[in-house]
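Okay, entry28.tsv now, which holds TSV, C-alpha atoms:
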chain	number	residue	atom	x	y	z
A	171	MET	CA	32.46	-20.86	-5.40
A	172	GLY	CA	31.54	-17.75	-3.48
A	173	LYS	CA	34.07	-15.06	-2.75
A	174	PHE	CA	33.72	-11.58	-1.33
A	175	SER	CA	34.66	-8.86	-3.80
A	176	ILE	CA	34.58	-5.11	-3.44
A	177	PHE	CA	32.98	-4.71	-6.87
A	178	GLY	CA	30.26	-7.23	-6.07
A	179	PHE	CA	29.64	-5.63	-2.69
A	180	LEU	CA	29.28	-2.14	-4.15
A	181	HIS	CA	27.05	-3.38	-6.96
A	182	GLU	CA	24.69	-4.98	-4.47
A	183	GLN	CA	24.73	-2.00	-2.12
A	184	TRP	CA	23.56	0.27	-4.92
A	185	THR	CA	20.96	-2.17	-6.26
A	186	LYS	CA	17.39	-1.06	-5.57
A	187	LEU	CA	15.36	-3.95	-4.20
A	188	GLN	CA	11.70	-4.38	-5.09
A	189	ILE	CA	8.98	-4.10	-2.46
A	190	SER	CA	7.15	-7.40	-1.97
A	191	THR	CA	3.39	-7.28	-2.37
A	192	ALA	CA	2.45	-10.96	-2.03
A	193	ASP	CA	-0.93	-11.80	-0.52
A	194	VAL	CA	-0.48	-12.70	3.16
A	195	SER	CA	-4.09	-12.31	4.24
A	196	ASP	CA	-4.21	-15.97	5.30
A	197	GLN	CA	-0.71	-16.00	6.82
A	198	SER	CA	0.42	-15.89	10.45
A	199	LEU	CA	3.79	-14.14	10.69
A	200	VAL	CA	6.38	-13.93	13.48
A	201	VAL	CA	9.18	-11.34	13.46
A	202	VAL	CA	11.91	-11.50	16.12
A	203	GLY	CA	13.56	-8.23	17.15
A	204	ALA	CA	11.00	-5.84	15.68
A	205	ASN	CA	11.47	-2.80	17.88
A	206	ILE	CA	14.35	-1.25	15.89
A	207	GLY	CA	16.38	-1.63	12.73
A	208	LEU	CA	15.82	-4.26	10.09
A	209	GLY	CA	13.26	-6.18	12.14
A	210	ASN	CA	11.19	-3.07	12.66
A	211	GLU	CA	11.22	-2.15	8.97
A	212	ALA	CA	10.45	-5.72	7.91
A	213	ALA	CA	7.55	-5.88	10.36
A	214	ALA	CA	6.25	-2.56	9.04
A	215	HIS	CA	6.24	-3.86	5.46
A	216	LEU	CA	4.43	-7.02	6.54
A	217	ALA	CA	1.90	-5.15	8.67
A	218	GLN	CA	1.02	-2.94	5.70
A	219	LEU	CA	0.08	-6.10	3.79
A	220	LYS	CA	-2.49	-6.95	6.50
A	221	PRO	CA	-1.62	-10.56	7.35
A	222	LYS	CA	-4.01	-12.81	9.25
A	223	SER	CA	-1.86	-12.23	12.32
A	224	LEU	CA	1.47	-10.61	13.16
A	225	LEU	CA	3.46	-11.48	16.27
A	226	ILE	CA	6.55	-9.38	16.97
A	227	THR	CA	9.13	-9.61	19.74
A	228	SER	CA	11.36	-7.22	21.65
A	229	ARG	CA	13.71	-7.70	24.57
A	230	ASP	CA	11.35	-6.46	27.30
A	231	GLN	CA	7.73	-5.50	27.87
A	232	VAL	CA	8.30	-1.73	27.58
A	233	LYS	CA	9.89	-2.14	24.15
A	234	CYS	CA	7.11	-4.53	23.17
A	235	GLU	CA	4.46	-1.93	23.90
A	236	ARG	CA	6.36	0.80	22.07
A	237	SER	CA	7.01	-1.29	18.97
A	238	LYS	CA	3.38	-2.45	18.83
A	239	ALA	CA	2.13	1.14	18.99
A	240	ASP	CA	4.69	2.27	16.41
A	241	LEU	CA	3.87	-0.46	13.90
A	242	GLU	CA	0.11	-0.16	14.27
A	243	SER	CA	0.38	3.59	13.76
A	244	ARG	CA	2.58	3.27	10.68
A	245	SER	CA	0.68	0.42	9.02
A	246	GLY	CA	-2.93	0.88	10.03
A	247	MET	CA	-3.03	-2.76	11.13
A	248	THR	CA	-4.66	-3.44	14.49
A	249	GLY	CA	-4.29	-6.39	16.82
A	250	ILE	CA	-0.53	-6.87	16.44
A	251	GLU	CA	0.76	-9.17	19.18
A	252	SER	CA	4.00	-8.08	20.85
A	253	TRP	CA	5.77	-10.45	23.24
A	254	PRO	CA	9.07	-10.25	25.12
A	255	LEU	CA	11.92	-12.46	23.94
A	256	GLU	CA	15.44	-12.05	25.30
A	257	LEU	CA	17.98	-14.04	23.28
A	258	CYS	CA	20.61	-13.60	25.98
A	259	SER	CA	18.49	-16.08	27.93
A	260	LEU	CA	17.84	-19.61	26.71
A	261	LYS	CA	15.07	-19.83	29.29
A	262	SER	CA	13.38	-16.84	27.64
A	263	VAL	CA	13.42	-18.67	24.29
A	264	CYS	CA	11.81	-21.74	25.83
A	265	SER	CA	9.24	-19.59	27.63
A	266	PHE	CA	8.37	-17.79	24.40
A	267	VAL	CA	7.62	-21.10	22.69
A	268	ASP	CA	5.68	-22.30	25.77
A	269	ASN	CA	3.52	-19.18	25.50
A	270	PHE	CA	3.14	-19.63	21.76
A	271	GLU	CA	1.85	-23.16	22.24
A	272	ALA	CA	-0.34	-22.32	25.24
A	273	ASN	CA	-2.09	-19.62	23.20
A	274	GLY	CA	-2.71	-21.95	20.28
A	275	CYS	CA	-0.77	-19.72	17.88
A	276	THR	CA	0.20	-20.67	14.35
A	277	ALA	CA	3.15	-19.61	12.20
A	278	ASN	CA	3.54	-19.62	8.44
A	279	VAL	CA	6.66	-17.47	8.70
A	280	LEU	CA	9.35	-17.04	11.32
A	281	ILE	CA	11.88	-14.27	10.73
A	282	ALA	CA	14.81	-14.74	13.14
A	283	ASN	CA	16.32	-11.29	12.92
A	284	ALA	CA	17.63	-10.14	16.29
A	285	GLY	CA	21.39	-9.87	16.66
A	286	ILE	CA	24.26	-7.98	18.27
A	287	SER	CA	27.82	-7.04	17.39
A	288	THR	CA	30.40	-6.30	20.04
A	289	PHE	CA	34.19	-6.43	20.30
A	290	LYS	CA	34.15	-6.96	24.05
A	291	TYR	CA	34.00	-10.43	25.58
A	292	SER	CA	31.09	-10.89	27.95
A	293	LYS	CA	29.07	-13.87	29.06
A	294	THR	CA	25.32	-14.31	29.16
A	295	PRO	CA	23.68	-15.71	32.31
A	296	ASP	CA	23.79	-19.07	30.52
A	297	GLY	CA	27.59	-18.91	30.39
A	298	TYR	CA	28.09	-18.36	26.66
A	299	GLU	CA	29.84	-15.48	24.91
A	300	SER	CA	27.10	-12.95	24.17
A	301	THR	CA	27.39	-12.63	20.39
A	302	PHE	CA	27.58	-16.41	19.99
A	303	GLN	CA	24.45	-17.00	22.06
A	304	VAL	CA	22.29	-14.18	20.71
A	305	ASN	CA	23.20	-14.56	17.05
A	306	TYR	CA	23.58	-18.32	16.90
A	307	LEU	CA	22.69	-20.56	19.83
A	308	SER	CA	19.41	-18.92	20.89
A	309	THR	CA	18.43	-18.49	17.25
A	310	ALA	CA	19.07	-22.20	16.66
A	311	LEU	CA	17.01	-23.13	19.72
A	312	LEU	CA	14.11	-20.93	18.65
A	313	SER	CA	14.24	-22.27	15.09
A	314	ILE	CA	14.10	-25.90	16.17
A	315	LEU	CA	11.42	-25.40	18.81
A	316	MET	CA	9.27	-23.56	16.27
A	317	LEU	CA	9.87	-26.14	13.56
A	318	PRO	CA	6.77	-28.28	14.27
A	319	HIS	CA	4.55	-25.21	14.05
A	320	LEU	CA	6.09	-24.17	10.74
A	321	ILE	CA	5.79	-27.70	9.36
A	322	LYS	CA	2.15	-27.90	10.47
A	323	ALA	CA	1.39	-24.66	8.62
A	324	GLY	CA	3.11	-25.77	5.42
A	325	THR	CA	1.28	-27.44	2.54
A	326	PRO	CA	2.42	-29.27	-0.62
A	327	GLU	CA	1.53	-26.12	-2.55
A	328	HIS	CA	3.02	-23.53	-0.19
A	329	ALA	CA	5.83	-24.24	2.24
A	330	SER	CA	6.07	-22.15	5.36
A	331	ARG	CA	9.26	-20.12	5.84
A	332	LEU	CA	12.10	-19.93	8.32
A	333	VAL	CA	14.25	-16.90	7.52
A	334	ILE	CA	17.46	-16.30	9.45
A	335	VAL	CA	19.06	-12.90	8.89
A	336	SER	CA	22.72	-13.48	8.08
A	337	SER	CA	25.34	-11.33	6.33
A	338	GLU	CA	27.93	-11.12	3.58
A	339	CYS	CA	30.37	-10.93	6.50
A	340	HIS	CA	30.39	-14.73	6.55
A	341	TYR	CA	32.71	-14.53	3.51
A	342	LEU	CA	35.34	-12.89	5.72
A	343	ILE	CA	35.92	-16.07	7.74
A	344	ASN	CA	38.20	-18.18	5.54
A	345	GLY	CA	38.72	-20.87	8.14
A	346	VAL	CA	38.84	-21.49	11.86
A	347	GLU	CA	42.45	-22.19	12.68
A	348	GLY	CA	43.07	-25.28	14.80
A	349	ALA	CA	39.41	-26.29	14.93
A	350	ASP	CA	40.19	-29.79	13.67
A	351	LYS	CA	42.19	-30.37	16.86
A	352	TRP	CA	39.61	-28.98	19.29
A	353	SER	CA	37.72	-31.49	21.42
A	354	SER	CA	34.71	-29.16	21.29
A	355	ILE	CA	34.07	-26.29	18.87
A	356	ILE	CA	31.45	-24.60	21.04
A	357	GLU	CA	33.42	-24.88	24.27
A	358	THR	CA	36.52	-23.45	22.62
A	359	ILE	CA	34.97	-20.46	20.88
A	360	ASN	CA	33.19	-19.51	24.11
A	361	ASP	CA	36.30	-19.83	26.27
A	362	GLU	CA	37.46	-16.43	27.52
A	363	ALA	CA	41.11	-17.42	27.08
A	364	TYR	CA	40.47	-18.12	23.39
A	365	CYS	CA	38.49	-14.92	22.86
A	366	THR	CA	41.38	-12.51	22.47
A	367	SER	CA	40.85	-9.02	21.04
A	368	SER	CA	41.72	-10.27	17.56
A	369	VAL	CA	39.22	-13.12	17.84
A	370	MET	CA	36.49	-10.83	19.14
A	371	ALA	CA	37.13	-8.39	16.29
A	372	LYS	CA	35.80	-11.13	13.98
A	373	ARG	CA	33.21	-12.62	16.32
A	374	TYR	CA	30.24	-11.08	14.49
A	375	PHE	CA	31.59	-12.44	11.19
A	376	LEU	CA	31.90	-15.90	12.74
A	377	SER	CA	28.36	-15.78	14.11
A	378	LYS	CA	27.04	-15.06	10.63
A	379	LEU	CA	29.04	-18.00	9.26
A	380	LEU	CA	27.54	-20.27	11.90
A	381	GLU	CA	24.04	-19.18	10.87
A	382	VAL	CA	24.74	-20.08	7.24
A	383	MET	CA	26.04	-23.47	8.34
A	384	PHE	CA	23.00	-24.04	10.55
A	385	ILE	CA	20.60	-23.36	7.67
A	386	ARG	CA	22.48	-25.74	5.38
A	387	GLU	CA	22.59	-28.50	7.99
A	388	LEU	CA	18.92	-28.09	8.90
A	389	SER	CA	17.69	-27.97	5.30
A	390	SER	CA	19.66	-31.09	4.37
A	391	ARG	CA	17.77	-33.04	7.07
A	392	LEU	CA	14.24	-31.93	6.21
A	393	PRO	CA	12.32	-34.43	4.05
A	394	ALA	CA	11.65	-33.50	0.42
A	395	PRO	CA	9.45	-31.91	-0.69
A	396	THR	CA	9.86	-29.78	2.38
A	397	LEU	CA	6.91	-28.26	4.23
A	398	VAL	CA	9.15	-25.48	5.56
A	399	ALA	CA	11.62	-23.62	3.35
A	400	VAL	CA	14.62	-22.36	5.29
A	401	SER	CA	17.05	-19.71	4.12
A	402	ALA	CA	19.75	-17.34	5.33
A	403	VAL	CA	19.30	-13.78	4.08
A	404	ASN	CA	21.86	-11.02	3.63
A	405	PRO	CA	20.20	-7.60	3.92
A	406	GLY	CA	23.47	-5.86	3.02
A	407	LEU	CA	25.27	-3.12	4.88
A	408	CYS	CA	22.53	-0.91	6.31
A	409	HIS	CA	22.12	2.16	8.46
A	410	SER	CA	21.07	0.43	11.64
A	411	ARG	CA	21.93	0.21	15.34
A	412	LEU	CA	23.64	-3.17	15.04
A	413	MET	CA	26.88	-1.80	16.50
A	414	ARG	CA	25.10	-0.14	19.42
A	415	GLU	CA	26.66	-2.56	21.91
A	416	ALA	CA	30.17	-2.38	20.49
A	417	ASP	CA	32.77	-1.04	22.91
A	418	SER	CA	34.72	0.90	20.31
A	419	SER	CA	36.88	3.98	20.16
A	420	PRO	CA	35.68	7.40	18.92
A	421	LEU	CA	38.00	6.99	15.91
A	422	PHE	CA	36.41	3.65	14.98
A	423	LYS	CA	32.94	5.12	15.33
A	424	PHE	CA	33.93	8.03	13.11
A	425	VAL	CA	35.41	5.74	10.44
A	426	LEU	CA	32.33	3.52	10.59
A	427	SER	CA	30.00	6.50	10.19
A	428	VAL	CA	31.92	7.69	7.12
A	429	TYR	CA	31.96	4.17	5.67
A	430	LYS	CA	28.23	3.79	6.16
A	431	GLY	CA	27.61	7.26	4.82
A	432	LEU	CA	29.31	6.28	1.58
A	433	PHE	CA	28.09	2.73	1.08
A	434	ALA	CA	25.20	1.73	3.37
A	435	ARG	CA	21.65	1.05	2.28
A	436	THR	CA	18.79	2.48	4.24
A	437	THR	CA	17.45	0.07	6.81
A	438	GLU	CA	14.15	0.03	4.95
A	439	MET	CA	15.90	-1.03	1.72
A	440	GLY	CA	17.73	-3.85	3.48
A	441	SER	CA	14.51	-5.07	5.06
A	442	ARG	CA	13.07	-5.70	1.60
A	443	ALA	CA	15.46	-8.63	1.19
A	444	ILE	CA	14.12	-10.17	4.40
A	445	VAL	CA	10.47	-9.66	3.45
A	446	HIS	CA	11.11	-11.13	-0.01
A	447	ALA	CA	12.41	-14.38	1.47
A	448	ALA	CA	9.51	-14.49	3.90
A	449	ILE	CA	6.55	-14.11	1.56
A	450	GLU	CA	7.40	-14.23	-2.15
A	451	PRO	CA	6.61	-17.39	-4.18
A	452	ASP	CA	9.12	-20.06	-5.27
A	453	GLU	CA	10.17	-20.59	-1.67
A	454	ARG	CA	11.34	-24.15	-2.31
A	455	GLU	CA	13.83	-22.91	-4.89
A	456	ARG	CA	15.41	-20.86	-2.10
A	457	HIS	CA	15.33	-23.72	0.41
A	458	GLY	CA	18.69	-24.31	2.08
A	459	HIS	CA	20.29	-21.36	0.36
A	460	TYR	CA	21.99	-18.10	1.22
A	461	LEU	CA	20.20	-15.15	-0.39
A	462	SER	CA	21.58	-11.74	-1.26
A	463	SER	CA	19.70	-8.95	-3.02
A	464	CYS	CA	16.71	-11.30	-3.22
A	465	LYS	CA	18.66	-13.92	-5.21
A	466	VAL	CA	20.18	-17.28	-4.39
A	467	THR	CA	23.89	-16.60	-4.00
A	468	GLU	CA	26.83	-18.94	-3.54
A	469	VAL	CA	28.13	-19.26	-0.01
A	470	SER	CA	31.78	-18.84	0.89
A	471	ASP	CA	34.56	-21.12	-0.29
A	472	TYR	CA	35.15	-22.21	3.29
A	473	VAL	CA	31.55	-23.35	3.75
A	474	LEU	CA	31.82	-25.42	0.57
A	475	SER	CA	35.24	-26.89	1.38
A	476	ALA	CA	35.83	-30.30	2.98
A	477	GLU	CA	37.27	-28.54	6.02
A	478	GLY	CA	34.25	-26.28	6.33
A	479	GLY	CA	31.89	-29.20	5.84
A	480	GLU	CA	33.50	-31.12	8.69
A	481	PHE	CA	33.38	-28.05	10.94
A	482	SER	CA	29.70	-27.56	10.07
A	483	LYS	CA	28.78	-31.17	10.84
A	484	ARG	CA	30.57	-31.09	14.20
A	485	LEU	CA	28.95	-27.76	15.04
A	486	TRP	CA	25.50	-29.19	14.24
A	487	ASP	CA	26.05	-32.25	16.44
A	488	GLU	CA	27.37	-30.17	19.34
A	489	THR	CA	24.52	-27.68	18.98
A	490	LEU	CA	21.85	-30.39	19.13
A	491	LYS	CA	23.48	-31.95	22.19
A	492	ILE	CA	23.45	-28.62	24.04
A	493	LEU	CA	19.92	-27.70	22.97
A	494	GLY	CA	18.60	-31.16	23.78
A	495	ASP	CA	19.90	-30.79	27.31
A	496	ILE	CA	18.26	-27.37	27.61
A	497	ASP	CA	14.82	-28.42	26.36
A	498	PRO	CA	13.77	-32.08	25.86
A	499	ARG	CA	11.43	-31.02	23.05
A	500	VAL	CA	14.49	-30.58	20.84
A	501	ASN	CA	15.32	-34.30	20.78
A	502	LYS	CA	11.70	-35.18	20.07
A	503	ILE	CA	11.50	-32.67	17.22
A	504	VAL	CA	14.73	-33.91	15.67
A	505	SER	CA	13.62	-37.55	15.82
A	506	GLU	CA	10.16	-36.83	14.41
A	507	HIS	CA	10.88	-34.24	11.74
A	508	LEU	CA	14.51	-34.54	10.61
A	509	THR	CA	16.30	-37.35	8.82
Transcribe the structure of this file into structure tokens.
Amino acid sequence: MGKFSIFGFLHEQWTKLQISTADVSDQSLVVVGANIGLGNEAAAHLAQLKPKSLLITSRDQVKCERSKADLESRSGMTGIESWPLELCSLKSVCSFVDNFEANGCTANVLIANAGISTFKYSKTPDGYESTFQVNYLSTALLSILMLPHLIKAGTPEHASRLVIVSSECHYLINGVEGADKWSSIIETINDEAYCTSSVMAKRYFLSKLLEVMFIRELSSRLPAPTLVAVSAVNPGLCHSRLMREADSSPLFKFVLSVYKGLFARTTEMGSRAIVHAAIEPDERERHGHYLSSCKVTEVSDYVLSAEGGEFSKRLWDETLKILGDIDPRVNKIVSEHLT
């Protein structure tokens, strides 16, 4: 079973990851959250490989234009599409997919990268706690709505890819106390009264756990051999702006900067793990798995436990109910493509 260890963490942090050079000349790639950080570096690697098409997203049109110009300048690739996608808005997710379908786009790869980390409770316009919605619920909605396009692009020889960027932080959630007595997991973990300072201190960790559970639940329901290989990828601790929205003290920021200075990978190095999952061969061997340092790695003990399994199943059912109410395409996709 998987456990977090300091030795294992340090070993991975100091492991140099290989740069992927797979042929993507016939591939249509989508990278969410490509204006900064890991998404930007992953998109840069992919653009340098000159795919058939590259569609990137940022939170607003200004950032879209900037990231397009930046990536085209760095890679030499022209014609990169850059569309707005705001994961704080479920409507924005639906609109993105509407636009994708209206333009007749295709996708061999979807990298769901965007995420936030904050210690302060705040709600999105949809009424969910921000980290939960951005990192989990909107990502789940996007993944399911894009599933038919990924399946259509897959072949018996080469499955398409859904890559969700997760984290080794999921190991730090050893259980969700009292969850077996909750009438609703999602309602409870979004309730402001539940989200005390101690709960919010671990909210990012929990969101990464939920992503791992989502990938496992989704993969277990896709027919075999799958036409879309799904995986959760850990890029490691990186120098990035993930904590940019955290309302933290100067002391915490100082400690974090020292910690990252000692142990963090460059953002470019971490992005190699994402690109590997997205384009390297043997994708079906990675299907349904959590990947770290470009290798299939055991998930946490809690995920593998009976308690974690029950939590995961309830979370999946609640998630589909919410998403089905948001967009009727979800129920149709589930009935047509999942078992």
To one decimal in Å, tell me the separation between atom CA of Arg331 of chain A and atom CA of Ser470 of chain A.
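We find that atom CA of Arg331 of chain A and atom CA of Ser470 of chain A lie 23.1 Å from each other.
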Neighbour residues at most 7 Å from (12.1, -11.5, 8.1) (all atoms listed in the file) as a list in words
Val201, Gly209, Ala212, Leu280, Ile281, Ala282, Asn283, Val333, Ile444, Val445 and Ala448 of chain A
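Picture a line from atom CA of Ser475 of chain A to atom CA of Ser389 of chain A; it runs 18.0 Å.
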Of the candidates A:Thr294, A:Ser252, A:Ser354, A:Ser175, which shows the shortest atom-to-atom distance to Asn205 of chain A, using all atoms listed in the file?
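Of the candidates, the smallest distance to Asn205 of chain A is held by A:Ser252.
Around the coordinate (-3.0, -20.7, 13.1), residues that reach within 9 Å when counting only C-alpha atoms are A:Gln197, A:Ser198, A:Lys222, A:Ser223, A:Gly274, A:Cys275, A:Thr276, A:Ala277, A:Asn278, A:His319, A:Ala323.
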I want to know what sits within 6 Å of segment 369-377 of chain A, based on all atoms listed in the file, with residues of the same chain fewer than 6 positions away left out; could you give that as a PyMOL selection string?
chain A and resi 287+289+302+339-340
Between atom CA of His328 of chain A and atom CA of Glu468 of chain A, what distance in Å does the model show, to one decimal?
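Result for atom CA of His328 of chain A versus atom CA of Glu468 of chain A: 24.5 Å, one decimal.
All residues of protein, DNA or RNA that reach within 8 Å of Ile250 of chain A, judged by all atoms listed in the file and not counting those fewer than 3 positions away in the chain, are Ser223, Leu224, Leu225, Ile226, Lys238, Glu242 and Met247 of chain A.
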Under the rule that only C-alpha atoms are counted, which of A:Phe174, A:Tyr291, A:Phe384, A:Phe270 is the nearest residue to Lys483 of chain A?
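That would be A:Phe384, the residue with the smallest distance to Lys483 of chain A.
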Tell me, as a ChimeraX atom specification, which residues lie within 10 Å of Leu485 of chain A, counting only C-alpha atoms; anything in the same chain fewer than 6 positions away does not count.
/A:354-356,380,383-384,387,479,491
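For the set A:Glu347, A:Phe266, A:Leu493, A:Cys365, the residue with the smallest atom-to-atom gap to Lys293 of chain A is A:Cys365, counting all atoms listed in the file.
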I'd like the contact shell of Gly178 of chain A - 12 Å cut-off, all atoms listed in the file, skipping same-chain residues fewer than 5 positions apart - returned as a list in words.
Gly172, Lys173, Gln183, Trp184, Thr185, Glu338, Gly406, Ser462, Ser463 and Thr467 of chain A
Can you pull out the residues contacting Asp268 of chain A? Cut-off 12 Å, using only C-alpha atoms, and skip same-chain residues under 4 positions away; I want them as JSON, numbers by chain.
{"A": [255, 261, 262, 263, 264, 272, 273, 274, 275, 312, 315, 316, 497, 499]}
Restricting the calculation to all atoms listed in the file, which member of A:Gly458, A:Gly285, A:Gly246, A:Pro254 is positioned closest to Gln231 of chain A?
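The shortest atom-to-atom distance to Gln231 of chain A comes from A:Pro254.
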Listed atoms of segment 292-297 of chain A, axis-aligned box, 8 Å per side: centre and edge lengths to one decimal in Å, as JSON?
{"center_x": 27.4, "center_y": -15.0, "center_z": 30.1, "size_x": 23.4, "size_y": 24.2, "size_z": 20.4}
For Leu219 of chain A, the nearest of the candidates A:Leu187, A:Ile449, A:Ala310, A:Ile321, counting all atoms listed in the file:
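Once distances to Leu219 of chain A are computed over all atoms listed in the file, the minimum belongs to A:Ile449.
Nearest-residue note for Glu488 of chain A: choosing from A:Ala329, A:Ala447, A:Leu307, A:Ala217, the minimum distance belongs to A:Leu307, counting all atoms listed in the file.
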